[in-house]
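Novice: Just one file: run-v8.cif, with mmCIF, C-alpha atoms.
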```
data_run
loop_
_atom_site.label_atom_id
_atom_site.label_comp_id
_atom_site.auth_asym_id
_atom_site.auth_seq_id
_atom_site.Cartn_x
_atom_site.Cartn_y
_atom_site.Cartn_z
CA MET A 26 88.74 146.17 98.20
CA LYS A 27 86.96 144.64 101.19
CA TRP A 28 86.12 141.59 99.07
CA LEU A 29 89.79 140.57 99.24
CA ARG A 30 89.23 139.36 102.79
CA PHE A 31 87.29 136.42 101.37
CA LEU A 32 90.54 135.05 99.93
CA GLY A 33 91.55 134.24 103.51
CA TYR A 34 88.31 132.49 104.45
CA PRO A 35 88.45 128.72 104.85
CA VAL A 36 86.81 126.84 101.99
CA SER A 37 84.96 124.27 104.04
CA PHE A 38 81.55 122.67 104.40
CA ARG A 39 82.43 121.58 107.96
CA GLY A 40 80.82 123.26 110.94
CA ARG A 41 83.90 122.67 113.08
CA ASP A 42 86.12 124.62 110.69
CA TRP A 43 83.84 127.64 110.85
CA ALA A 44 83.57 127.34 114.64
CA LEU A 45 87.36 127.42 114.91
CA TYR A 46 87.68 130.23 112.37
CA LYS A 47 85.19 132.43 114.26
CA LYS A 48 86.80 131.67 117.63
CA LEU A 49 90.23 132.69 116.33
CA ALA A 50 88.87 135.78 114.60
CA ARG A 51 87.28 137.01 117.84
CA ASN A 52 90.35 136.32 120.00
CA ASP A 53 93.31 137.65 118.01
CA ASN A 54 94.13 134.13 116.71
CA ASP A 55 94.23 132.64 120.21
CA ILE A 56 92.26 129.70 121.59
CA THR A 57 92.68 127.54 124.69
CA SER A 58 93.46 123.85 124.50
CA ALA A 59 90.09 123.10 126.10
CA GLU A 60 88.17 125.19 123.55
CA LEU A 61 89.95 123.52 120.65
CA LEU A 62 89.37 120.00 121.98
CA LYS A 63 85.70 120.76 122.58
CA ILE A 64 85.32 121.77 118.92
CA GLU A 65 87.17 118.62 117.78
CA LEU A 66 85.61 116.03 120.08
CA GLY A 67 82.17 117.51 120.52
CA GLU A 68 80.64 118.58 123.83
CA ALA A 69 79.49 115.10 124.92
CA ALA A 70 82.79 113.25 124.40
CA PHE A 71 84.75 116.23 125.77
CA ARG A 72 82.90 116.03 129.09
CA GLU A 73 82.67 112.23 129.19
CA ILE A 74 86.44 111.88 129.00
CA GLY A 75 87.00 114.41 131.81
CA ALA A 76 88.63 117.08 129.64
CA ASP A 77 86.36 119.75 131.13
CA ARG A 78 88.02 119.16 134.52
CA ASN A 79 91.63 119.24 133.27
CA GLU A 80 93.04 122.63 134.30
CA LYS A 81 96.13 122.10 132.12
CA LEU A 82 93.90 122.56 129.08
CA ASN A 83 93.17 126.18 130.03
CA SER A 84 96.52 127.27 128.58
CA PRO A 85 96.40 129.36 125.38
CA VAL A 86 97.32 128.14 121.91
CA HIS A 87 98.39 130.76 119.36
CA VAL A 88 97.48 129.99 115.73
CA LEU A 89 99.63 132.16 113.47
CA GLY A 90 100.52 132.25 109.80
CA ILE A 91 103.68 130.48 108.71
CA TYR A 92 105.17 133.79 107.63
CA LYS A 93 105.19 134.89 111.30
CA ASN A 94 107.69 132.19 112.25
CA PRO A 95 110.22 134.16 114.40
CA HIS A 96 113.07 131.79 113.53
CA MET A 97 112.87 132.91 109.91
CA LYS A 98 113.12 136.53 111.03
CA TYR A 99 116.25 135.70 113.00
CA LEU A 100 117.74 134.11 109.87
CA HIS A 101 116.77 137.23 107.86
CA ILE A 102 114.57 135.23 105.49
CA ASN A 103 111.95 137.30 103.71
CA PRO A 104 108.39 136.46 104.98
CA LEU A 105 107.08 135.95 101.44
CA PHE A 106 109.99 133.67 100.55
CA ASN A 107 109.48 131.78 103.81
CA THR A 108 105.82 131.23 102.91
CA LEU A 109 106.81 129.91 99.48
CA LEU A 110 109.40 127.60 101.06
CA SER A 111 106.65 126.24 103.30
CA GLY A 112 104.18 125.99 100.43
CA MET A 113 103.65 122.25 100.87
CA THR A 114 103.39 122.47 104.67
CA VAL A 115 99.84 122.50 106.01
CA ALA A 116 100.88 123.40 109.57
CA PHE A 117 103.71 122.84 112.04
CA MET A 118 104.86 123.50 115.60
CA ARG A 119 108.33 123.50 117.09
CA SER A 120 109.23 120.57 119.36
CA THR A 121 112.21 122.35 120.97
CA PRO A 122 112.15 122.17 124.79
CA ARG A 123 111.49 125.57 126.37
CA ASP A 124 114.87 125.67 128.14
CA LYS A 125 116.70 125.06 124.83
CA TYR A 126 115.66 128.35 123.23
CA SER A 127 118.64 130.61 122.65
CA PRO A 128 118.33 134.11 124.20
CA HIS A 129 120.55 135.33 121.36
CA LYS A 130 117.90 134.45 118.77
CA MET A 131 114.80 135.95 120.36
CA SER A 132 113.52 137.60 123.52
CA ASP A 133 112.00 135.57 126.32
CA ALA A 134 108.51 136.85 125.46
CA VAL A 135 108.85 135.85 121.79
CA ALA A 136 110.26 132.45 122.77
CA GLU A 137 107.37 131.82 125.18
CA ARG A 138 104.85 132.68 122.48
CA ASP A 139 106.64 130.48 119.94
CA TYR A 140 106.63 127.57 122.41
CA ASN A 141 102.80 127.68 122.46
CA THR A 142 102.20 128.40 118.77
CA VAL A 143 100.84 126.40 115.85
CA TYR A 144 101.94 127.87 112.51
CA LEU A 145 99.26 127.43 109.87
CA ASN A 146 99.61 127.72 106.10
CA ARG A 147 96.28 129.47 105.91
CA ALA A 148 96.89 131.44 102.72
CA LEU A 149 97.84 128.57 100.42
CA VAL A 150 95.81 125.66 101.76
CA PHE A 151 92.52 126.92 103.16
CA SER A 152 91.80 129.88 100.89
CA PRO A 153 90.20 129.83 97.40
CA LEU A 154 93.68 130.49 96.00
CA GLY A 155 94.96 127.37 97.72
CA GLN A 156 92.07 125.28 96.45
CA VAL A 157 92.82 126.29 92.85
CA MET A 158 96.52 125.47 93.30
CA TRP A 159 95.79 122.02 94.76
CA ALA A 160 93.24 121.25 92.05
CA SER A 161 95.76 122.24 89.37
CA THR A 162 98.43 120.04 90.98
CA LEU A 163 96.07 117.07 91.20
CA TYR A 164 94.95 117.49 87.58
CA GLY A 165 98.56 117.56 86.37
CA TRP A 166 99.42 114.45 88.38
CA VAL A 167 96.44 112.45 87.08
CA ALA A 168 97.05 113.60 83.49
CA ASN A 169 100.70 112.55 83.70
CA LEU A 170 99.72 109.18 85.14
CA ALA A 171 97.30 108.62 82.27
CA ARG A 172 99.94 109.51 79.69
CA THR A 173 102.37 107.11 81.37
CA ALA A 174 100.17 104.15 80.47
CA VAL A 175 100.52 105.09 76.81
CA ALA A 176 103.96 106.61 76.42
CA GLY A 177 106.06 104.17 78.44
CA VAL A 178 109.20 104.62 80.51
CA ARG A 179 110.21 108.04 79.19
CA THR A 180 106.92 109.62 80.24
CA LEU A 181 107.10 107.74 83.54
CA ALA A 182 110.33 109.52 84.41
CA LYS A 183 108.81 112.87 83.43
CA ALA A 184 105.68 112.17 85.47
CA ALA A 185 107.74 111.21 88.50
CA ALA A 186 109.83 114.39 88.20
CA GLU A 187 106.76 116.61 87.85
CA HIS A 188 105.04 114.78 90.69
CA TYR A 189 108.08 115.42 92.88
CA MET A 190 108.22 119.13 92.01
CA LEU A 191 104.50 119.65 92.54
CA THR A 192 104.02 117.69 95.73
CA GLY A 193 107.42 117.32 97.36
CA PHE A 194 107.14 113.52 97.34
CA ALA A 195 108.82 111.12 94.92
CA THR A 196 106.10 108.50 95.29
CA GLY A 197 103.44 107.39 92.86
CA MET A 198 105.76 104.65 91.62
CA GLY A 199 103.74 102.02 93.44
CA ILE A 200 106.65 100.47 95.35
CA SER A 201 105.50 98.50 98.39
CA SER A 202 104.26 100.72 101.22
CA ALA A 203 104.60 103.85 99.11
CA ARG A 204 101.61 102.72 97.07
CA SER A 205 99.41 104.00 99.91
CA MET A 206 100.70 107.56 99.63
CA TRP A 207 99.02 108.71 96.44
CA PRO A 208 95.45 108.77 97.87
CA ARG A 209 96.73 111.15 100.53
CA TYR A 210 96.88 113.93 97.97
CA LEU A 211 93.29 113.43 96.91
CA GLY A 212 92.21 114.48 100.40
CA LEU A 213 94.54 117.47 100.74
CA PRO A 214 92.48 119.96 98.71
CA VAL A 215 89.64 119.57 101.20
CA VAL A 216 91.70 119.04 104.35
CA SER A 217 89.96 120.30 107.48
CA MET A 218 91.37 123.45 109.03
CA THR A 219 90.40 122.10 112.46
CA ASP A 220 92.11 118.76 111.81
CA ALA A 221 95.33 120.53 110.77
CA VAL A 222 95.41 122.78 113.83
CA GLY A 223 94.25 119.94 116.09
CA HIS A 224 97.02 117.63 114.86
CA GLU A 225 99.70 120.19 115.72
CA HIS A 226 97.94 120.97 118.99
CA ILE A 227 98.41 117.35 120.05
CA HIS A 228 102.13 117.82 119.38
CA LEU A 229 102.03 120.87 121.68
CA LEU A 230 100.42 118.76 124.42
CA GLN A 231 103.00 116.02 123.85
CA LYS A 232 105.82 118.54 124.11
CA LYS A 233 104.51 120.00 127.38
CA ASP A 234 103.90 116.53 128.82
CA ARG A 235 107.46 115.55 127.88
CA ASP A 236 109.05 118.72 129.25
CA THR A 237 107.15 118.55 132.57
CA LYS A 238 107.67 114.76 132.83
CA ALA A 239 103.97 114.49 133.72
CA SER A 240 103.54 110.96 132.34
CA GLY A 241 107.20 109.97 132.02
CA PHE A 242 106.69 109.27 128.31
CA ASN A 243 108.69 110.91 125.51
CA PRO A 244 106.86 110.39 122.17
CA TRP A 245 109.93 111.51 120.24
CA ALA A 246 112.05 108.62 121.59
CA GLY A 247 110.55 106.25 119.00
CA THR A 248 111.10 102.96 120.85
CA PHE A 249 108.74 100.90 118.68
CA LYS A 250 109.89 102.47 115.42
CA LYS A 251 113.58 101.75 116.03
CA LYS A 252 113.03 98.08 116.90
CA ALA A 253 110.47 97.56 114.13
CA LEU A 254 112.64 99.08 111.40
CA ALA A 255 115.61 97.04 112.58
CA ALA A 256 113.53 93.85 112.38
CA VAL A 257 112.28 94.70 108.86
CA ALA A 258 115.79 95.55 107.65
CA ALA A 259 117.18 92.31 109.07
CA GLN A 260 114.59 90.22 107.23
CA ASN A 261 114.56 92.09 103.91
CA PRO A 262 117.22 94.84 103.68
CA ILE A 263 116.57 95.60 100.00
CA GLY A 264 112.83 95.89 100.46
CA ALA A 265 113.31 98.11 103.52
CA LYS A 266 115.52 100.49 101.55
CA LEU A 267 113.07 100.59 98.64
CA ASP A 268 110.27 101.48 101.03
CA THR A 269 112.34 104.28 102.54
CA TYR A 270 113.57 105.72 99.23
CA ALA A 271 110.19 105.48 97.51
CA SER A 272 108.57 107.54 100.28
CA LEU A 273 111.57 109.90 100.74
CA GLY A 274 111.80 108.70 104.32
CA PHE A 275 108.17 109.43 105.16
CA ILE A 276 107.58 105.83 106.22
CA ARG A 277 109.93 106.47 109.14
CA TYR A 278 108.19 109.77 109.81
CA PHE A 279 104.68 108.32 109.93
CA MET A 280 105.88 105.48 112.17
CA GLY A 281 107.08 107.82 114.95
CA ASP A 282 105.16 107.60 118.23
CA HIS A 283 104.33 111.32 118.21
CA GLU A 284 102.93 111.14 114.68
CA VAL A 285 100.91 107.95 115.23
CA GLU A 286 99.39 109.43 118.39
CA ALA A 287 98.39 112.68 116.63
CA ARG A 288 96.75 110.73 113.80
CA LEU A 289 94.86 108.53 116.27
CA HIS A 290 93.51 111.73 117.79
CA THR A 291 92.22 113.05 114.45
CA ILE A 292 90.67 109.73 113.41
CA LEU A 293 88.94 109.08 116.74
CA ALA A 294 87.85 112.70 117.22
CA ARG A 295 85.97 112.40 113.93
CA GLN A 296 84.04 109.43 115.32
CA ALA A 297 83.53 111.08 118.73
CA ARG A 298 81.73 114.05 117.15
CA GLN A 299 79.26 111.62 115.58
CA THR A 300 78.76 109.22 118.49
CA GLY A 301 79.48 111.37 121.55
CA HIS A 302 81.95 108.75 122.81
CA LEU A 303 85.63 107.87 122.68
CA PRO A 304 86.91 104.27 123.08
CA LYS A 305 87.52 103.34 126.73
CA THR A 306 88.84 99.80 126.29
CA ARG A 307 91.29 98.16 123.93
CA ASP A 308 88.48 96.25 122.21
CA GLU A 309 86.60 99.50 121.59
CA LEU A 310 89.78 101.06 120.20
CA TRP A 311 90.28 98.15 117.80
CA LEU A 312 86.67 98.34 116.60
CA ALA A 313 86.93 102.11 116.11
CA LEU A 314 90.10 101.82 114.05
CA ASP A 315 88.58 99.03 111.97
CA ALA A 316 85.50 101.19 111.34
CA ALA A 317 87.80 104.04 110.27
CA GLY A 318 89.27 101.84 107.53
CA LEU A 319 92.63 100.84 109.03
CA PRO A 320 93.34 97.20 108.02
CA MET A 321 93.13 94.97 111.09
CA PRO A 322 95.51 91.98 111.38
CA ASP A 323 93.74 88.63 111.02
CA ALA A 324 94.85 87.38 114.45
CA ILE A 325 93.25 90.35 116.21
CA ARG A 326 90.10 90.10 114.09
CA ASP A 327 89.73 86.41 115.01
CA GLU A 328 90.32 87.19 118.69
CA LEU A 329 87.64 89.88 118.69
CA ARG A 330 85.13 87.69 116.87
CA GLU A 331 85.62 84.93 119.43
CA ARG A 332 85.41 87.28 122.42
CA LEU A 333 82.48 89.39 121.17
CA GLN A 334 80.64 86.40 119.65
CA ARG A 335 79.64 88.41 116.59
CA ASP A 336 80.85 89.28 113.13
CA PHE A 337 82.07 92.75 112.18
CA GLY A 338 84.24 94.62 109.74
CA GLU A 339 82.68 93.27 106.51
CA ALA A 340 79.83 95.75 106.28
CA GLY A 341 78.26 96.42 102.92
CA GLY A 342 76.07 99.22 101.61
CA LEU A 343 76.69 102.77 102.74
CA THR A 344 78.67 101.65 105.81
CA GLY A 345 81.08 99.66 103.68
CA LEU A 346 81.44 102.51 101.18
CA LYS A 347 82.16 104.92 104.01
CA ARG A 348 84.92 102.66 105.36
CA ILE A 349 86.48 102.39 101.90
CA ALA A 350 86.29 106.16 101.40
CA GLN A 351 88.01 106.80 104.74
CA ARG A 352 90.69 104.22 103.99
CA TYR A 353 91.64 105.83 100.69
CA PHE A 354 90.78 109.51 101.05
CA SER A 355 91.37 110.34 104.72
CA PRO A 356 94.99 111.61 104.99
CA ASP A 357 95.34 110.38 108.58
CA VAL A 358 94.10 106.86 107.86
CA SER A 359 96.20 106.72 104.68
CA GLU A 360 99.34 107.76 106.57
CA LEU A 361 98.80 105.16 109.30
CA ARG A 362 98.35 102.58 106.54
CA ILE A 363 101.72 103.64 105.13
CA ALA A 364 103.34 103.00 108.52
CA GLN A 365 101.51 99.68 108.96
CA ASN A 366 102.30 98.43 105.45
CA ALA A 367 106.01 98.86 106.13
CA LEU A 368 105.84 96.44 109.11
CA ARG A 369 106.59 93.38 107.02
CA ALA A 370 108.54 91.30 109.55
CA PRO A 371 106.50 88.54 111.28
CA GLY A 372 104.36 89.75 114.17
CA LEU A 373 105.02 93.49 113.73
CA LYS A 374 101.57 94.47 112.48
CA GLU A 375 99.98 92.55 115.32
CA ALA A 376 102.31 94.19 117.87
CA PHE A 377 101.42 97.59 116.38
CA TRP A 378 97.73 96.91 117.05
CA ARG A 379 98.05 94.95 120.27
CA GLU A 380 100.62 97.09 122.10
CA THR A 381 101.80 100.26 120.35
CA MET A 382 98.52 101.92 119.38
CA PRO A 383 96.77 101.05 122.69
CA TYR A 384 99.72 102.56 124.59
CA LEU A 385 99.67 105.75 122.51
CA TYR A 386 95.90 106.08 122.71
CA GLY A 387 96.01 105.54 126.48
CA HIS A 388 98.59 108.31 126.76
CA LEU A 389 96.37 110.49 124.56
CA LEU A 390 93.46 109.95 126.96
CA GLU A 391 95.68 111.04 129.84
CA MET A 392 96.57 114.27 128.03
CA TYR A 393 92.84 114.88 127.54
CA GLY A 394 92.33 114.50 131.29
CA ARG A 395 91.46 110.82 131.87
CA GLY A 396 94.10 109.80 134.42
CA THR A 397 93.57 106.05 133.90
CA GLY A 398 94.12 106.18 130.13
CA ARG A 399 96.94 103.68 129.79
CA ALA A 400 95.50 101.44 132.47
CA ASP A 401 92.19 101.36 130.55
CA MET A 402 94.14 99.97 127.59
CA GLY A 403 95.74 97.27 129.73
CA ILE A 404 99.07 99.13 129.98
CA PRO A 405 100.76 99.64 133.39
CA GLN A 406 100.86 103.32 134.41
CA SER A 407 104.56 102.84 135.16
CA ALA A 408 105.35 102.06 131.49
CA THR A 409 107.28 105.04 130.15
CA ALA A 410 107.84 103.87 126.56
CA THR A 411 105.83 102.20 123.83
CA PRO A 412 106.37 98.43 124.04
CA ALA A 413 109.16 97.32 121.70
CA PRO A 414 108.44 94.31 119.46
CA ALA A 415 110.04 91.09 120.58
#
```
For the structure just supplied, provide its representation as structure tokens.
Specialist:
Amino acid sequence: MKWLRFLGYPVSFRGRDWALYKKLARNDNDITSAELLKIELGEAAFREIGADRNEKLNSPVHVLGIYKNPHMKYLHINPLFNTLLSGMTVAFMRSTPRDKYSPHKMSDAVAERDYNTVYLNRALVFSPLGQVMWASTLYGWVANLARTAVAGVRTLAKAAAEHYMLTGFATGMGISSARSMWPRYLGLPVVSMTDAVGHEHIHLLQKKDRDTKASGFNPWAGTFKKKALAAVAAQNPIGAKLDTYASLGFIRYFMGDHEVEARLHTILARQARQTGHLPKTRDELWLALDAAGLPMPDAIRDELRERLQRDFGEAGGLTGLKRIAQRYFSPDVSELRIAQNALRAPGLKEAFWRETMPYLYGHLLEMYGRGTGRADMGIPQSATATPAPA
């Protein structure tokens, strides 16, 4: 029955996924932050940004199956049932501060391990079994959508209900910002194992940075999100509610500082592996995000054209096709588009590009090991929150 082990292998054509898989297999599912970032960013960008000199990155990261979540054991939830409950979760980590763990729930050793753990849905998402399940889900969704065009409202309700049961999201209705969510599922069957672990790893770094007050920034405070949502609701309260309901609240989720920062990491790490570089100025950040397929506000595009004295962003041929593919089939780009599309009050999209994302990327650089990260983006080092829109 040795062949059964292949059911747990990642189905991936990506070298980075196999590099991570082999590293975890050799080290009892442990890897250091530095080793993980080197796989994600590539050797050249990893060294260029100073991550190789950041001793904080030598700490271990445990990558365990979702069924090993110790909180479920405390609640006496069966491991198999817990895995089924988490069936639509690719990976997660716990953002609880270390001093908030209850000694009544778990021992100090278990709590310490949990604090540094990424829980990965390896069985259902990255195995051949998971690929078949996702393909079946996608086929059912597309088939229902096709029937909707013929059968009218009654089939539409049925398709929406089935879509909700299969994916956990009640979108696909095409309402405002939620229209950007459906392409996200097209990329899930081939989601990168490294991207999933790396995304949650950034949350681990954010948590440790918050708890040690190293940068003074708390990504979970959500300064920009609170002000932006209030501005949108004040201008168009009905539209704001439709956006929220149509996405089951995921617009608010994707707009959180901690989630935007993690998605910036995944998007820019993909480029860094190809180029050997990460953006070091705000202009470079803007160009990188534009190349990734994130729609750039016209005011910023005009400013860049004037300053750089050249055209950009309207590439054709293979470059243009690549940008379109990333915009519609990269989960991280699609999710940032969802957040950006919801910023419908005047000036919010521009503030998101001009202030919020540069701040978060600068903070990301600092967690990598580049101490001048926020300053490189034109943000004072003393700023301890993402700039709120005026």
Novice: Quick one: axis-aligned box around all listed atoms of stretch 288-291 of chain A, 5 Å on every side, centre and edge lengths in Å to one decimal, written as lines of an AutoDock Vina configuration file.
Specialist:
```
center_x = 94.5
center_y = 110.8
center_z = 115.8
size_x = 14.5
size_y = 14.5
size_z = 14.0
```
Novice: Got a sec to resolve the PyMOL selection byres ((chain A and resi 312) around 12) on this structure and send the residues as a VMD selection string?
Specialist: chain A and resid 293 296 303 to 311 313 to 321 325 to 326 328 to 330 333 336 to 339 378
Novice: Using the chain letters and numbers from this file, what does the PyMOL selection byres ((chain A and resi 141-145) around 7) select? Give the answer as a ChimeraX atom specification.
Specialist: /A:86-91,115-118,137-140,146-147,222,225-226,229
Novice: Step by step, work through what the PyMOL selection byres ((chain A and resi 382-397) around 8) selects in the shown file, and finish by giving those residues as a PyMOL selection string.
Specialist: chain A and resi 74-79+82+230-231+234+240+282+285-286+289-290+307+310+377-381+398-402+404+406+411-412
Novice: Atom CA of A:Val257 and atom CA of A:Ala324, how far apart in Å?
Specialist: 19.7 Å
Novice: Missing atoms in stretch 367-377 of chain A should be modelled up to all heavy atoms and reported as a short mmCIF file (atom, residue, chain, number, x, y, z; two decimals), in the coordinates of the input.
Specialist:
```cif
data_model
loop_
_atom_site.label_atom_id
_atom_site.label_comp_id
_atom_site.auth_asym_id
_atom_site.auth_seq_id
_atom_site.Cartn_x
_atom_site.Cartn_y
_atom_site.Cartn_z
N ALA A 367 104.56 99.04 106.07
CA ALA A 367 106.01 98.86 106.13
C ALA A 367 106.44 97.82 107.17
O ALA A 367 107.59 97.40 107.18
CB ALA A 367 106.70 100.19 106.42
N LEU A 368 105.52 97.40 108.04
CA LEU A 368 105.84 96.44 109.11
C LEU A 368 105.73 95.03 108.56
O LEU A 368 104.79 94.28 108.87
CB LEU A 368 104.88 96.65 110.29
CG LEU A 368 104.92 98.04 110.93
CD1 LEU A 368 103.82 98.18 111.98
CD2 LEU A 368 106.29 98.32 111.54
N ARG A 369 106.70 94.64 107.75
CA ARG A 369 106.59 93.38 107.02
C ARG A 369 107.27 92.20 107.70
O ARG A 369 107.21 91.09 107.20
CB ARG A 369 107.17 93.57 105.61
CG ARG A 369 106.34 94.54 104.79
CD ARG A 369 106.83 94.64 103.37
NE ARG A 369 108.18 95.22 103.28
CZ ARG A 369 108.88 95.31 102.17
NH1 ARG A 369 108.39 94.82 101.05
NH2 ARG A 369 110.05 95.88 102.16
N ALA A 370 107.95 92.41 108.81
CA ALA A 370 108.54 91.30 109.55
C ALA A 370 107.43 90.61 110.35
O ALA A 370 106.45 91.24 110.74
CB ALA A 370 109.65 91.80 110.48
N PRO A 371 107.55 89.29 110.58
CA PRO A 371 106.50 88.54 111.28
C PRO A 371 106.14 89.15 112.64
O PRO A 371 107.01 89.49 113.44
CB PRO A 371 107.13 87.16 111.46
CG PRO A 371 108.13 87.05 110.36
CD PRO A 371 108.68 88.43 110.17
N GLY A 372 104.85 89.31 112.87
CA GLY A 372 104.36 89.75 114.17
C GLY A 372 104.34 91.25 114.39
O GLY A 372 103.76 91.72 115.37
N LEU A 373 104.93 92.04 113.48
CA LEU A 373 105.02 93.49 113.73
C LEU A 373 103.68 94.19 113.62
O LEU A 373 103.36 95.06 114.43
CB LEU A 373 106.02 94.13 112.76
CG LEU A 373 107.50 93.86 113.03
CD1 LEU A 373 108.36 94.65 112.05
CD2 LEU A 373 107.87 94.24 114.46
N LYS A 374 102.89 93.83 112.62
CA LYS A 374 101.57 94.47 112.48
C LYS A 374 100.70 94.17 113.69
O LYS A 374 99.99 95.04 114.20
CB LYS A 374 100.88 94.00 111.20
CG LYS A 374 101.45 94.57 109.91
CD LYS A 374 100.60 94.14 108.72
CE LYS A 374 101.10 94.80 107.42
NZ LYS A 374 102.41 94.26 107.00
N GLU A 375 100.78 92.92 114.15
CA GLU A 375 99.98 92.55 115.32
C GLU A 375 100.46 93.30 116.56
O GLU A 375 99.65 93.78 117.37
CB GLU A 375 100.07 91.04 115.56
CG GLU A 375 99.15 90.56 116.67
CD GLU A 375 99.19 89.05 116.82
OE1 GLU A 375 99.62 88.36 115.87
OE2 GLU A 375 98.79 88.57 117.90
N ALA A 376 101.77 93.44 116.73
CA ALA A 376 102.31 94.19 117.87
C ALA A 376 101.90 95.66 117.80
O ALA A 376 101.62 96.30 118.82
CB ALA A 376 103.83 94.08 117.91
N PHE A 377 101.83 96.20 116.58
CA PHE A 377 101.42 97.59 116.38
C PHE A 377 100.00 97.80 116.89
O PHE A 377 99.69 98.82 117.53
CB PHE A 377 101.52 97.91 114.89
CG PHE A 377 101.29 99.36 114.53
CD1 PHE A 377 102.08 100.36 115.06
CD2 PHE A 377 100.28 99.70 113.63
CE1 PHE A 377 101.88 101.69 114.71
CE2 PHE A 377 100.07 101.03 113.27
CZ PHE A 377 100.87 102.01 113.82
#
```
